[in-house]
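Text of structure09.cif (mmCIF, C-alpha atoms) as supplied:
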data_upload
loop_
_atom_site.label_atom_id
_atom_site.label_comp_id
_atom_site.auth_asym_id
_atom_site.auth_seq_id
_atom_site.Cartn_x
_atom_site.Cartn_y
_atom_site.Cartn_z
CA MET A 318 -16.19 22.60 -46.73
CA LYS A 319 -13.12 22.28 -44.49
CA SER A 320 -15.15 20.56 -41.74
CA LEU A 321 -16.58 18.10 -44.27
CA PHE A 322 -13.05 17.26 -45.42
CA PHE A 323 -11.86 16.46 -41.87
CA ALA A 324 -15.02 14.45 -41.17
CA SER A 325 -14.46 12.33 -44.26
CA LEU A 326 -10.80 11.90 -43.32
CA LEU A 327 -11.77 10.55 -39.89
CA LEU A 328 -14.26 8.15 -41.43
CA THR A 329 -11.77 6.76 -43.94
CA THR A 330 -8.67 6.60 -41.69
CA PRO A 331 -8.12 3.24 -39.90
CA VAL A 332 -8.74 3.51 -36.15
CA LEU A 333 -5.52 2.58 -34.38
CA ALA A 334 -6.46 3.90 -30.95
CA GLU A 335 -8.47 2.08 -28.31
CA PHE A 336 -10.48 3.69 -25.53
CA SER A 337 -11.98 1.81 -22.60
CA SER A 338 -13.57 2.72 -19.31
CA GLN A 339 -14.98 0.91 -16.31
CA GLY A 340 -16.08 1.57 -12.79
CA GLU A 341 -17.85 0.32 -9.71
CA VAL A 342 -20.15 1.59 -7.00
CA SER A 343 -20.31 -0.27 -3.68
CA LEU A 344 -22.32 -0.13 -0.51
CA GLU A 345 -20.00 -1.01 2.38
CA TYR A 346 -21.07 -2.07 5.86
CA ARG A 347 -18.66 -2.61 8.76
CA GLU A 348 -19.54 -3.78 12.28
CA PHE A 349 -17.02 -4.00 15.15
CA LYS A 350 -17.27 -5.90 18.39
CA ALA A 351 -18.72 -3.40 20.88
CA ASP A 352 -16.06 -1.75 23.04
CA GLU A 353 -18.43 0.09 25.42
CA SER A 354 -16.82 3.41 24.49
CA LYS A 355 -18.93 6.43 23.52
CA THR A 356 -16.02 8.10 21.69
CA THR A 357 -15.58 5.41 19.02
CA GLU A 358 -17.87 4.20 16.24
CA ASP A 359 -18.63 0.48 16.21
CA ARG A 360 -20.53 0.62 12.93
CA GLY A 361 -19.78 2.11 9.55
CA ILE A 362 -21.95 2.50 6.46
CA ALA A 363 -20.17 3.88 3.42
CA VAL A 364 -20.62 4.40 -0.30
CA PHE A 365 -17.51 3.60 -2.33
CA SER A 366 -16.95 4.36 -6.01
CA ARG A 367 -14.03 3.84 -8.38
CA VAL A 368 -13.75 4.93 -12.02
CA GLU A 369 -11.07 4.16 -14.58
CA SER A 370 -10.48 5.15 -18.19
CA ARG A 371 -7.74 4.07 -20.61
CA TYR A 372 -6.67 5.31 -23.99
CA GLU A 373 -4.04 3.38 -25.94
CA THR A 374 -2.36 3.55 -29.32
CA ASP A 375 0.66 1.61 -30.56
CA PHE A 376 3.12 3.91 -28.80
CA TYR A 377 1.05 6.06 -26.43
CA ALA A 378 -1.15 5.23 -23.43
CA GLN A 379 -2.91 7.20 -20.74
CA VAL A 380 -4.69 5.97 -17.63
CA ILE A 381 -6.97 7.77 -15.18
CA ARG A 382 -8.19 5.92 -12.09
CA GLY A 383 -9.34 6.98 -8.65
CA PHE A 384 -11.79 6.25 -5.87
CA ALA A 385 -13.98 8.03 -3.36
CA ARG A 386 -15.55 6.87 -0.11
CA VAL A 387 -18.14 8.62 2.07
CA ASP A 388 -19.01 7.10 5.46
CA THR A 389 -22.23 8.18 7.19
CA LYS A 390 -20.95 7.25 10.66
CA GLU A 391 -17.22 8.02 10.71
CA PRO A 392 -16.22 11.21 8.80
CA SER A 393 -12.48 10.51 8.96
CA ARG A 394 -13.05 7.64 6.50
CA ASP A 395 -14.18 10.09 3.82
CA LEU A 396 -11.59 10.02 1.03
CA ILE A 397 -11.14 11.13 -2.54
CA TRP A 398 -7.86 9.68 -3.85
CA ILE A 399 -6.15 9.63 -7.23
CA GLU A 400 -4.64 6.22 -7.89
CA ASP A 401 -3.43 6.59 -11.48
CA ALA A 402 -3.40 9.66 -13.72
CA TYR A 403 -0.45 9.27 -16.06
CA ALA A 404 0.60 9.16 -19.70
CA SER A 405 3.34 6.98 -21.18
CA TYR A 406 5.07 6.93 -24.56
CA PHE A 407 7.44 4.44 -26.24
CA LEU A 408 10.45 6.19 -27.72
CA ASP A 409 11.52 3.49 -30.18
CA GLN A 410 9.95 1.10 -32.70
CA GLU A 411 10.86 -1.97 -30.62
CA LYS A 412 8.98 -0.53 -27.61
CA LEU A 413 11.96 -0.92 -25.27
CA TRP A 414 12.45 2.69 -24.25
CA ARG A 415 9.51 4.27 -22.43
CA VAL A 416 8.87 7.57 -20.68
CA SER A 417 5.87 8.26 -18.47
CA ALA A 418 4.67 11.04 -16.20
CA GLY A 419 1.83 11.55 -13.73
CA TYR A 420 0.34 9.88 -10.69
CA LYS A 421 0.80 6.13 -10.42
CA ILE A 422 0.37 3.17 -8.09
CA TYR A 423 3.64 1.21 -7.86
CA ASN A 424 3.82 -2.45 -6.90
CA TRP A 425 7.34 -3.51 -5.97
CA THR A 426 6.37 -6.61 -4.00
CA GLY A 427 5.33 -10.13 -4.92
CA LEU A 428 4.46 -11.37 -1.46
CA GLU A 429 0.93 -11.82 -0.21
CA ALA A 430 1.10 -10.28 3.28
CA PHE A 431 4.52 -8.69 3.91
CA SER A 432 6.08 -6.13 1.59
CA PRO A 433 9.42 -4.58 2.71
CA ASN A 434 10.09 -3.07 -0.74
CA ASP A 435 6.65 -1.63 -1.43
CA THR A 436 7.16 1.82 0.10
CA VAL A 437 6.76 4.25 -2.81
CA ASN A 438 3.08 5.12 -2.29
CA SER A 439 1.34 6.60 0.72
CA GLN A 440 -1.26 4.31 2.24
CA ASN A 441 -4.67 4.35 3.87
CA PHE A 442 -4.17 2.91 7.36
CA ASP A 443 -7.91 2.40 7.73
CA ALA A 444 -7.64 -0.46 5.22
CA PRO A 445 -6.37 -4.04 5.86
CA LEU A 446 -2.78 -4.01 7.11
CA GLU A 447 -1.67 -6.68 4.61
CA LYS A 448 -3.30 -5.08 1.54
CA PRO A 449 -3.66 -1.33 2.17
CA GLU A 450 -5.26 1.08 -0.24
CA LYS A 451 -2.60 3.17 -1.94
CA ARG A 452 -2.49 6.79 -3.02
CA GLY A 453 -1.01 7.66 -6.41
CA GLU A 454 2.49 9.15 -6.33
CA LEU A 455 3.43 11.91 -8.75
CA GLY A 456 6.45 10.84 -10.75
CA LEU A 457 8.47 11.00 -13.96
CA GLU A 458 9.93 7.70 -15.27
CA LEU A 459 12.43 6.69 -17.90
CA GLU A 460 12.61 2.96 -18.63
CA MET A 461 15.33 1.50 -20.83
CA PRO A 462 16.36 -2.06 -21.76
CA TYR A 463 19.25 -3.62 -19.88
CA TYR A 464 20.36 -7.21 -20.65
CA GLU A 465 17.42 -9.53 -19.78
CA GLY A 466 15.30 -6.83 -18.18
CA ALA A 467 14.98 -3.11 -17.72
CA LEU A 468 16.55 -0.24 -15.84
CA THR A 469 14.15 2.50 -14.72
CA PHE A 470 14.90 5.92 -13.28
CA TYR A 471 12.29 7.80 -11.24
CA LEU A 472 11.86 11.38 -10.11
CA PHE A 473 9.19 12.09 -7.47
CA PRO A 474 8.74 15.86 -7.01
CA ARG A 475 5.90 15.77 -4.46
CA THR A 476 5.14 13.90 -1.25
CA GLU A 477 1.60 12.62 -0.75
CA LYS A 478 0.39 12.28 2.82
CA PRO A 479 -1.00 8.96 4.12
CA HIS A 480 -4.44 8.67 5.67
CA ILE A 481 -4.45 8.02 9.43
CA PRO A 482 -7.90 7.27 10.92
CA GLY A 483 -9.43 9.75 13.35
CA ALA A 484 -10.20 9.43 17.04
CA ALA A 485 -13.60 7.81 16.42
CA SER A 486 -12.14 4.99 14.32
CA ARG A 487 -11.62 1.59 15.91
CA LEU A 488 -8.57 1.16 13.67
CA GLY A 489 -6.96 4.46 14.69
CA LEU A 490 -4.67 5.56 17.50
CA GLY A 491 -7.43 6.88 19.74
CA SER A 492 -6.84 10.55 18.97
CA ASN A 493 -7.10 12.95 16.05
CA ILE A 494 -3.81 13.29 14.18
CA ALA A 495 -2.74 16.66 12.75
CA ASP A 496 -1.47 17.29 9.24
CA PRO A 497 2.06 15.91 8.83
CA VAL A 498 5.37 17.69 8.48
CA TRP A 499 8.29 16.62 6.31
CA VAL A 500 11.70 16.65 7.98
CA ASP A 501 14.46 17.83 5.63
CA SER A 502 17.70 17.77 7.63
CA THR A 503 16.91 19.95 10.67
CA GLU A 504 13.86 21.66 9.17
CA ALA A 505 10.29 20.42 9.62
CA THR A 506 8.05 21.88 6.92
CA ARG A 507 4.51 21.39 5.68
CA LYS A 508 5.57 21.97 2.07
CA GLN A 509 4.89 18.88 -0.02
CA TRP A 510 7.14 19.71 -2.98
CA HIS A 511 10.48 17.99 -2.38
CA PRO A 512 12.82 16.27 -4.86
CA GLN A 513 12.89 12.49 -4.38
CA TYR A 514 14.36 9.91 -6.72
CA ALA A 515 14.88 6.20 -7.31
CA ALA A 516 16.41 3.68 -9.70
CA ARG A 517 15.27 0.08 -10.16
CA LEU A 518 16.81 -2.77 -12.15
CA THR A 519 14.76 -5.86 -13.05
CA GLN A 520 16.27 -8.99 -14.61
CA LEU A 521 15.17 -12.46 -15.69
CA ILE A 522 17.93 -14.93 -14.78
CA PHE A 523 17.51 -18.72 -15.30
CA GLY A 524 13.75 -18.36 -15.16
CA ALA A 525 13.73 -16.31 -11.95
CA ASP A 526 12.73 -12.66 -11.62
CA PHE A 527 15.22 -10.45 -9.77
CA SER A 528 15.11 -6.77 -8.90
CA VAL A 529 17.30 -4.30 -7.03
CA HIS A 530 16.54 -0.68 -6.24
CA TYR A 531 17.77 2.44 -4.52
CA MET A 532 15.38 5.14 -3.40
CA ARG A 533 15.84 8.47 -1.64
CA HIS A 534 12.47 9.70 -0.42
CA PHE A 535 10.38 10.59 2.62
CA ASP A 536 9.43 7.46 4.52
CA ARG A 537 5.70 7.31 5.29
CA LEU A 538 5.56 3.98 7.09
CA ASN A 539 7.45 4.93 10.24
CA PRO A 540 6.38 8.42 11.38
CA ILE A 541 7.30 9.83 14.76
CA ILE A 542 4.18 11.46 16.18
CA GLY A 543 4.92 14.41 18.45
CA THR A 544 6.25 17.93 18.08
CA SER A 545 9.55 19.44 17.01
CA ASP A 546 8.55 22.79 18.53
CA TYR A 547 9.82 22.41 22.09
CA THR A 548 12.22 23.96 24.58
CA LEU A 549 14.80 22.18 26.70
CA ILE A 550 14.62 23.22 30.36
CA GLY A 551 17.56 21.46 31.88
CA ALA A 552 17.18 17.84 30.77
CA THR A 553 13.43 18.17 30.26
CA ALA A 554 11.79 18.96 26.93
CA VAL A 555 8.63 21.10 27.14
CA PRO A 556 6.32 21.60 24.09
CA ASN A 557 6.05 25.31 23.28
CA GLN A 558 2.42 24.97 22.13
CA GLY A 559 1.29 22.69 24.94
CA VAL A 560 0.74 18.94 25.13
CA SER A 561 -2.13 19.15 22.61
CA SER A 562 0.41 20.00 19.89
CA MET A 563 2.12 16.60 20.23
CA ASN A 564 -0.03 14.94 17.57
CA VAL A 565 1.93 15.79 14.42
CA PRO A 566 3.36 12.95 12.26
CA HIS A 567 6.98 13.67 11.31
CA TYR A 568 8.15 11.95 8.12
CA PHE A 569 11.92 11.75 7.70
CA GLN A 570 14.08 11.39 4.61
CA VAL A 571 15.44 7.88 4.13
CA SER A 572 17.85 6.11 1.80
CA GLN A 573 16.49 2.67 0.96
CA PHE A 574 18.36 -0.18 -0.72
CA GLY A 575 16.19 -3.15 -1.63
CA ALA A 576 16.18 -6.41 -3.57
CA SER A 577 13.66 -9.10 -4.44
CA MET A 578 13.38 -12.42 -6.27
CA GLN A 579 10.68 -14.82 -7.43
CA MET A 580 11.79 -18.30 -8.48
CA PRO A 581 9.49 -21.14 -9.60
CA PHE A 582 10.52 -24.73 -8.90
CA PHE A 583 8.97 -28.20 -9.14
CA ASP A 584 6.24 -26.76 -11.42
CA ALA A 585 3.72 -25.93 -8.68
CA TRP A 586 6.01 -24.17 -6.20
CA LEU A 587 7.13 -20.54 -6.10
CA PHE A 588 9.81 -19.13 -3.79
CA LYS A 589 9.77 -15.41 -3.02
CA ALA A 590 12.11 -13.18 -1.05
CA GLU A 591 12.61 -9.46 -0.63
CA GLY A 592 14.36 -7.14 1.73
CA ALA A 593 15.16 -3.47 2.29
CA ASN A 594 17.71 -1.55 4.32
CA ARG A 595 16.66 1.93 5.49
CA THR A 596 19.09 4.63 6.65
CA PHE A 597 17.42 7.80 7.87
CA GLU A 598 18.50 11.42 7.90
CA LYS A 599 18.10 12.05 11.61
CA ASP A 600 19.42 15.46 12.60
CA LEU A 601 16.18 16.45 14.33
CA PHE A 602 14.73 15.17 17.61
CA VAL A 603 10.95 14.93 17.97
CA LEU A 604 9.27 15.20 21.37
CA SER A 605 6.78 12.32 21.56
CA ALA A 606 4.84 10.62 24.34
CA SER A 607 7.92 8.41 24.83
CA GLY A 608 10.33 11.35 25.10
CA LEU A 609 12.79 12.72 22.54
CA GLN A 610 13.03 10.43 19.52
CA LYS A 611 14.78 10.04 16.20
CA PRO A 612 14.03 7.53 13.43
CA VAL A 613 15.72 4.16 13.74
CA ASP A 614 17.89 2.70 10.97
CA HIS A 615 16.87 -0.88 10.26
CA SER A 616 16.49 -3.66 7.72
CA GLU A 617 13.36 -5.65 6.91
CA VAL A 618 13.45 -9.09 5.27
CA ALA A 619 10.56 -11.28 4.13
CA VAL A 620 10.50 -14.73 2.50
CA GLY A 621 7.61 -16.80 1.21
CA LEU A 622 6.51 -20.03 -0.43
CA GLU A 623 3.45 -20.58 -2.63
CA TYR A 624 2.04 -23.90 -3.74
CA ALA A 625 -0.71 -24.04 -6.36
CA THR A 626 -2.81 -27.12 -7.08
CA SER A 627 -5.87 -27.98 -9.15
CA HIS A 628 -8.69 -30.26 -8.02
CA ALA A 629 -10.80 -32.82 -9.88
CA ASP A 630 -13.88 -30.57 -9.75
CA GLY A 631 -12.06 -27.82 -11.69
CA SER A 632 -11.32 -25.59 -8.71
CA ASP A 633 -7.87 -24.30 -7.74
CA SER A 634 -6.16 -23.78 -4.39
CA THR A 635 -3.05 -21.81 -3.48
CA LEU A 636 -1.23 -22.26 -0.18
CA PHE A 637 0.89 -19.44 1.25
CA LEU A 638 3.62 -19.45 3.89
CA GLU A 639 5.52 -16.22 4.60
CA GLY A 640 7.75 -14.80 7.30
CA VAL A 641 9.04 -11.31 8.04
CA LYS A 642 11.78 -10.05 10.35
CA ILE A 643 13.08 -6.58 11.28
CA LEU A 644 16.85 -6.63 11.76
CA GLY A 645 19.56 -4.26 12.92
CA THR A 646 17.75 -2.81 15.91
CA GLU A 647 16.61 -3.62 19.43
CA GLU A 648 13.39 -5.59 19.87
CA SER A 649 11.74 -2.68 21.71
CA GLU A 650 12.61 -0.35 18.82
CA ALA A 651 11.32 -2.85 16.24
CA GLU A 652 7.96 -2.97 18.03
CA GLY A 653 7.51 0.72 17.33
CA LEU A 654 8.46 0.43 13.67
CA SER A 655 5.85 -1.99 12.41
CA VAL A 656 2.89 -4.07 13.47
CA PHE A 657 4.71 -7.03 11.90
CA GLN A 658 8.27 -7.34 13.21
CA ASN A 659 8.81 -11.09 13.62
CA ASP A 660 5.72 -12.69 12.13
CA ILE A 661 4.56 -15.74 10.21
CA PHE A 662 1.69 -15.67 7.70
CA VAL A 663 -0.18 -18.85 6.74
CA GLY A 664 -3.03 -18.74 4.24
CA VAL A 665 -5.02 -20.58 1.62
CA ARG A 666 -6.99 -19.21 -1.33
CA HIS A 667 -9.60 -21.45 -2.94
CA VAL A 668 -11.11 -20.44 -6.27
CA ARG A 669 -14.10 -22.45 -7.44
CA ASN A 670 -13.71 -21.39 -11.10
CA ASP A 671 -17.48 -21.50 -11.42
CA ILE A 672 -19.58 -19.14 -13.48
CA MET A 673 -20.04 -16.82 -10.49
CA GLY A 674 -16.34 -16.59 -9.60
CA THR A 675 -16.70 -17.93 -6.03
CA GLU A 676 -13.55 -17.40 -3.96
CA PHE A 677 -12.53 -18.10 -0.34
CA VAL A 678 -9.45 -16.89 1.55
CA LEU A 679 -8.49 -18.06 5.04
CA SER A 680 -5.32 -16.77 6.74
CA ALA A 681 -3.58 -16.14 10.05
CA ILE A 682 -0.64 -13.97 11.12
CA VAL A 683 1.18 -14.84 14.35
CA ASP A 684 4.14 -13.06 15.97
CA MET A 685 6.81 -15.69 16.66
CA LYS A 686 8.27 -13.88 19.67
CA ARG A 687 5.28 -11.98 20.99
CA THR A 688 3.08 -15.06 20.65
CA HIS A 689 0.07 -13.30 22.16
CA GLU A 690 -0.26 -11.21 18.96
CA LYS A 691 -2.50 -12.93 16.40
CA LEU A 692 -4.58 -11.77 13.44
CA TYR A 693 -7.11 -14.07 11.77
CA ASN A 694 -8.80 -13.29 8.47
CA PHE A 695 -11.57 -14.90 6.41
CA GLN A 696 -12.77 -13.57 3.04
CA PHE A 697 -15.54 -14.67 0.73
CA ALA A 698 -16.49 -13.21 -2.66
CA ARG A 699 -19.03 -14.22 -5.30
CA ARG A 700 -20.66 -12.59 -8.29
CA LEU A 701 -24.43 -12.37 -8.17
CA SER A 702 -24.74 -11.58 -11.89
CA ASP A 703 -22.64 -10.13 -14.70
CA VAL A 704 -22.55 -6.74 -12.96
CA TRP A 705 -23.23 -7.42 -9.26
CA LYS A 706 -20.81 -8.86 -6.70
CA PHE A 707 -21.02 -9.64 -2.98
CA ALA A 708 -18.02 -9.84 -0.64
CA ALA A 709 -17.62 -10.52 3.08
CA ASN A 710 -14.61 -10.27 5.38
CA VAL A 711 -14.19 -11.32 9.01
CA ARG A 712 -11.10 -10.12 10.92
CA VAL A 713 -10.17 -11.14 14.47
CA PHE A 714 -7.45 -9.28 16.45
CA ASP A 715 -6.21 -11.24 19.46
CA ALA A 716 -3.35 -9.22 20.99
CA PRO A 717 -3.94 -8.35 24.67
CA PRO A 718 -1.58 -5.55 25.84
CA GLN A 719 1.25 -6.71 28.06
CA ALA A 720 2.03 -3.27 29.51
CA ALA A 721 0.30 0.05 30.21
CA THR A 722 1.19 1.37 26.74
CA PRO A 723 0.23 -0.99 23.88
CA VAL A 724 2.66 -1.63 21.04
CA GLY A 725 2.43 -3.35 17.68
CA LEU A 726 -0.79 -5.25 17.08
CA GLU A 727 -1.85 -4.61 20.68
CA PHE A 728 -3.36 -1.30 19.53
CA LEU A 729 -6.03 -3.33 17.70
CA ASP A 730 -6.76 -5.94 20.35
CA GLN A 731 -10.45 -6.94 20.36
CA ASP A 732 -11.19 -4.75 17.32
CA HIS A 733 -12.84 -7.74 15.67
CA HIS A 734 -15.12 -6.78 12.83
CA VAL A 735 -17.21 -7.98 9.93
CA SER A 736 -17.20 -6.14 6.59
CA LEU A 737 -19.83 -6.62 3.89
CA SER A 738 -19.94 -5.03 0.44
CA LEU A 739 -22.39 -5.12 -2.45
CA SER A 740 -20.86 -3.82 -5.69
CA ARG A 741 -22.29 -2.82 -9.05
CA PHE A 742 -19.82 -2.76 -11.95
CA PHE A 743 -20.27 -0.78 -15.12
#
Translate the structure described by the file into structure tokens.
Amino acid sequence: MKSLFFASLLLTTPVLAEFSSQGEVSLEYREFKADESKTTEDRGIAVFSRVESRYETDFYAQVIRGFARVDTKEPSRDLIWIEDAYASYFLDQEKLWRVSAGYKIYNWTGLEAFSPNDTVNSQNFDAPLEKPEKRGELGLELEMPYYEGALTFYLFPRTEKPHIPGAASRLGLGSNIADPVWVDSTEATRKQWHPQYAARLTQLIFGADFSVHYMRHFDRLNPIIGTSDYTLIGATAVPNQGVSSMNVPHYFQVSQFGASMQMPFFDAWLFKAEGANRTFEKDLFVLSASGLQKPVDHSEVAVGLEYATSHADGSDSTLFLEGVKILGTEESEAEGLSVFQNDIFVGVRHVRNDIMGTEFVLSAIVDMKRTHEKLYNFQFARRLSDVWKFAANVRVFDAPPQAATPVGLEFLDQDHHVSLSLSRFF
């Protein structure tokens, strides 16, 4: 009798909740220009899958999303990553106060290629440098209204490690990298539970979007690879576990101040700018292939313009122009911080707006000082039916090394490759 009562109650109560799910399965093929090396893989064949589910009511929402990849040729590409696994709840009737907890992908950038502010999540460095795959970061958020925007506080209790390709990968460093350590003051530990925090203010001012943030966390974009287990013999540092132990990424704590803006003008134009200043906690030296090193304090600034136009045939085009610059450090130090230190990005995206969603992207990145460093990219995507999609990507790395030890984009010189994917959505 009791079960019949609850069943009738469910049938007669209005359904206010909404559940949705979606996913994809892709066959990925990747072919590099042959490098005549038996230790690297010039071809990759992988199966990729992503699933997502959402449940929403008026005041509550939960999202679960993640992906997996298995490569038959290059095992270091095998990944199972959580992207989103969080729940959020509005605390007031006006839906202005919100609390959420769980794993989440954060997007703090509006630029197409360069993203100084977008440093919350760990990344997959086997993916495109401009648009890397991200790993969900465990966090607790409290968002509250503030004037014409919101103020959000974050607590990140755990550090997630990035994915660095293995020795067989053409996009790696040529050697297998060990599990990372996290440098807290003078201690290097493998424990991943560390308190990190941030605050971010977003505002709409005269039609422009502004944001400022402060974050105290472990930086995962600028590791020092080496060992902190060494002995000084005179002026010479000697690794206690041998040279083979000098393959450990060391991630240091950093205080990051950042700001960004997006401002439309003349209807079709959009101006974007963002920048971040990073001050590291650097009480520990790391013995690397270049000697004893500490992280380098620096600033990174990027600006961009977008122009969108529509054509008579119903298609749309967007032109991009962006530049990035690392400031506050020597040029030789900047080269070791990022592949893009003084670069210009030029690109165009053309969307046919046809029934099959045909899209083309053509772009180039050129270092303005180290003019021998160039990256060219061409993308094509088109649906084959309601549930099938084909995509192709051609990337050309033209960055011949200028010294015995490559730096910046020189690590990827001649790693040209073609990527093809066939996806089934459900």
### Message
I'd like to see the residues matched by the PyMOL selection byres ((chain A and resi 611) around 9) on this file, and ideally I'd get them as a VMD selection string.
### Response
chain A and resid 541 599 to 603 609 to 610 612 to 613
### Task
Carefully work through the PyMOL selection byres ((chain A and resi 415) around 6) for this structure and note down the residues it includes, as a PyMOL selection string.
chain A and resi 406-408+414+416+459-460
Evaluate the PyMOL selection byres ((chain A and resi 564-580) around 6) here and jot the selected residues down as a short mmCIF file (atom, residue, chain, number, x, y, z; two decimals) with C-alpha atoms, in the coordinates of the input.
data_model
loop_
_atom_site.label_atom_id
_atom_site.label_comp_id
_atom_site.auth_asym_id
_atom_site.auth_seq_id
_atom_site.Cartn_x
_atom_site.Cartn_y
_atom_site.Cartn_z
CA ILE A 494 -3.81 13.29 14.18
CA ALA A 495 -2.74 16.66 12.75
CA PRO A 497 2.06 15.91 8.83
CA VAL A 498 5.37 17.69 8.48
CA TRP A 499 8.29 16.62 6.31
CA VAL A 500 11.70 16.65 7.98
CA ALA A 525 13.73 -16.31 -11.95
CA ASP A 526 12.73 -12.66 -11.62
CA PHE A 527 15.22 -10.45 -9.77
CA SER A 528 15.11 -6.77 -8.90
CA VAL A 529 17.30 -4.30 -7.03
CA HIS A 530 16.54 -0.68 -6.24
CA TYR A 531 17.77 2.44 -4.52
CA MET A 532 15.38 5.14 -3.40
CA ARG A 533 15.84 8.47 -1.64
CA HIS A 534 12.47 9.70 -0.42
CA PHE A 535 10.38 10.59 2.62
CA ASP A 536 9.43 7.46 4.52
CA ARG A 537 5.70 7.31 5.29
CA PRO A 540 6.38 8.42 11.38
CA ILE A 541 7.30 9.83 14.76
CA ILE A 542 4.18 11.46 16.18
CA GLY A 543 4.92 14.41 18.45
CA SER A 562 0.41 20.00 19.89
CA MET A 563 2.12 16.60 20.23
CA PRO A 581 9.49 -21.14 -9.60
CA LEU A 587 7.13 -20.54 -6.10
CA PHE A 588 9.81 -19.13 -3.79
CA LYS A 589 9.77 -15.41 -3.02
CA ALA A 590 12.11 -13.18 -1.05
CA GLU A 591 12.61 -9.46 -0.63
CA GLY A 592 14.36 -7.14 1.73
CA ALA A 593 15.16 -3.47 2.29
CA ASN A 594 17.71 -1.55 4.32
CA ARG A 595 16.66 1.93 5.49
CA THR A 596 19.09 4.63 6.65
CA PHE A 597 17.42 7.80 7.87
CA GLU A 598 18.50 11.42 7.90
#
### Straight-line distance linking atom CA of A:Phe376 with atom CA of A:Ala402, stated in Å to one decimal
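Distance reported for this atom pair: 17.4 Å.
Taking atom CA of A:Thr426 as the reference point, atom CA of A:Val668 is found at 22.4 Å.
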Can you tell me which residues surround A:Thr436 at a distance of at most 9 Å, considering only C-alpha atoms, apart from same-chain residues fewer than 4 positions away, and format the answer as a compact mmCIF listing (two decimals) with C-alpha atoms, keeping the file's coordinate frame?
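File produced: selection-v3.txt:
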# COMPACT_ATOMS: atom_id res chain seq x y z
CA TYR A 423 3.64 1.21 -7.86
CA ASN A 424 3.82 -2.45 -6.90
CA TRP A 425 7.34 -3.51 -5.97
CA SER A 432 6.08 -6.13 1.59
CA ASP A 536 9.43 7.46 4.52
CA ARG A 537 5.70 7.31 5.29
CA LEU A 538 5.56 3.98 7.09
### Query
Mind pulling up the distance from atom CA of A:Phe473 to atom CA of A:Ala515?
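So the two atoms, atom CA of A:Ala515 and atom CA of A:Phe473, lie 8.2 Å apart.
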Leaving out stretch 709-713 of chain A and any residue of its chain fewer than 2 positions from it, which residues lie within 12 Å of it when counting all atoms listed in the file, given as an mmCIF file with C-alpha atoms, keeping the file's coordinate frame?
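Output (around-v3.cif):
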data_model
loop_
_atom_site.group_PDB
_atom_site.id
_atom_site.type_symbol
_atom_site.label_atom_id
_atom_site.label_comp_id
_atom_site.auth_asym_id
_atom_site.auth_seq_id
_atom_site.Cartn_x
_atom_site.Cartn_y
_atom_site.Cartn_z
ATOM 1 C CA LEU A 344 -22.320 -0.130 -0.510
ATOM 2 C CA GLU A 345 -20.000 -1.010 2.380
ATOM 3 C CA TYR A 346 -21.070 -2.070 5.860
ATOM 4 C CA ARG A 347 -18.660 -2.610 8.760
ATOM 5 C CA GLU A 348 -19.540 -3.780 12.280
ATOM 6 C CA PHE A 349 -17.020 -4.000 15.150
ATOM 7 C CA LYS A 350 -17.270 -5.900 18.390
ATOM 8 C CA ALA A 444 -7.640 -0.460 5.220
ATOM 9 C CA PRO A 445 -6.370 -4.040 5.860
ATOM 10 C CA LEU A 446 -2.780 -4.010 7.110
ATOM 11 C CA GLU A 447 -1.670 -6.680 4.610
ATOM 12 C CA LEU A 488 -8.570 1.160 13.670
ATOM 13 C CA THR A 675 -16.700 -17.930 -6.030
ATOM 14 C CA GLU A 676 -13.550 -17.400 -3.960
ATOM 15 C CA PHE A 677 -12.530 -18.100 -0.340
ATOM 16 C CA VAL A 678 -9.450 -16.890 1.550
ATOM 17 C CA LEU A 679 -8.490 -18.060 5.040
ATOM 18 C CA SER A 680 -5.320 -16.770 6.740
ATOM 19 C CA ALA A 681 -3.580 -16.140 10.050
ATOM 20 C CA ILE A 682 -0.640 -13.970 11.120
ATOM 21 C CA VAL A 683 1.180 -14.840 14.350
ATOM 22 C CA GLU A 690 -0.260 -11.210 18.960
ATOM 23 C CA LYS A 691 -2.500 -12.930 16.400
ATOM 24 C CA LEU A 692 -4.580 -11.770 13.440
ATOM 25 C CA TYR A 693 -7.110 -14.070 11.770
ATOM 26 C CA ASN A 694 -8.800 -13.290 8.470
ATOM 27 C CA PHE A 695 -11.570 -14.900 6.410
ATOM 28 C CA GLN A 696 -12.770 -13.570 3.040
ATOM 29 C CA PHE A 697 -15.540 -14.670 0.730
ATOM 30 C CA ALA A 698 -16.490 -13.210 -2.660
ATOM 31 C CA ARG A 699 -19.030 -14.220 -5.300
ATOM 32 C CA ARG A 700 -20.660 -12.590 -8.290
ATOM 33 C CA LYS A 706 -20.810 -8.860 -6.700
ATOM 34 C CA PHE A 707 -21.020 -9.640 -2.980
ATOM 35 C CA ASP A 715 -6.210 -11.240 19.460
ATOM 36 C CA ALA A 716 -3.350 -9.220 20.990
ATOM 37 C CA LEU A 726 -0.790 -5.250 17.080
ATOM 38 C CA LEU A 729 -6.030 -3.330 17.700
ATOM 39 C CA ASP A 730 -6.760 -5.940 20.350
ATOM 40 C CA GLN A 731 -10.450 -6.940 20.360
ATOM 41 C CA ASP A 732 -11.190 -4.750 17.320
ATOM 42 C CA HIS A 733 -12.840 -7.740 15.670
ATOM 43 C CA HIS A 734 -15.120 -6.780 12.830
ATOM 44 C CA VAL A 735 -17.210 -7.980 9.930
ATOM 45 C CA SER A 736 -17.200 -6.140 6.590
ATOM 46 C CA LEU A 737 -19.830 -6.620 3.890
ATOM 47 C CA SER A 738 -19.940 -5.030 0.440
ATOM 48 C CA LEU A 739 -22.390 -5.120 -2.450
ATOM 49 C CA SER A 740 -20.860 -3.820 -5.690
#
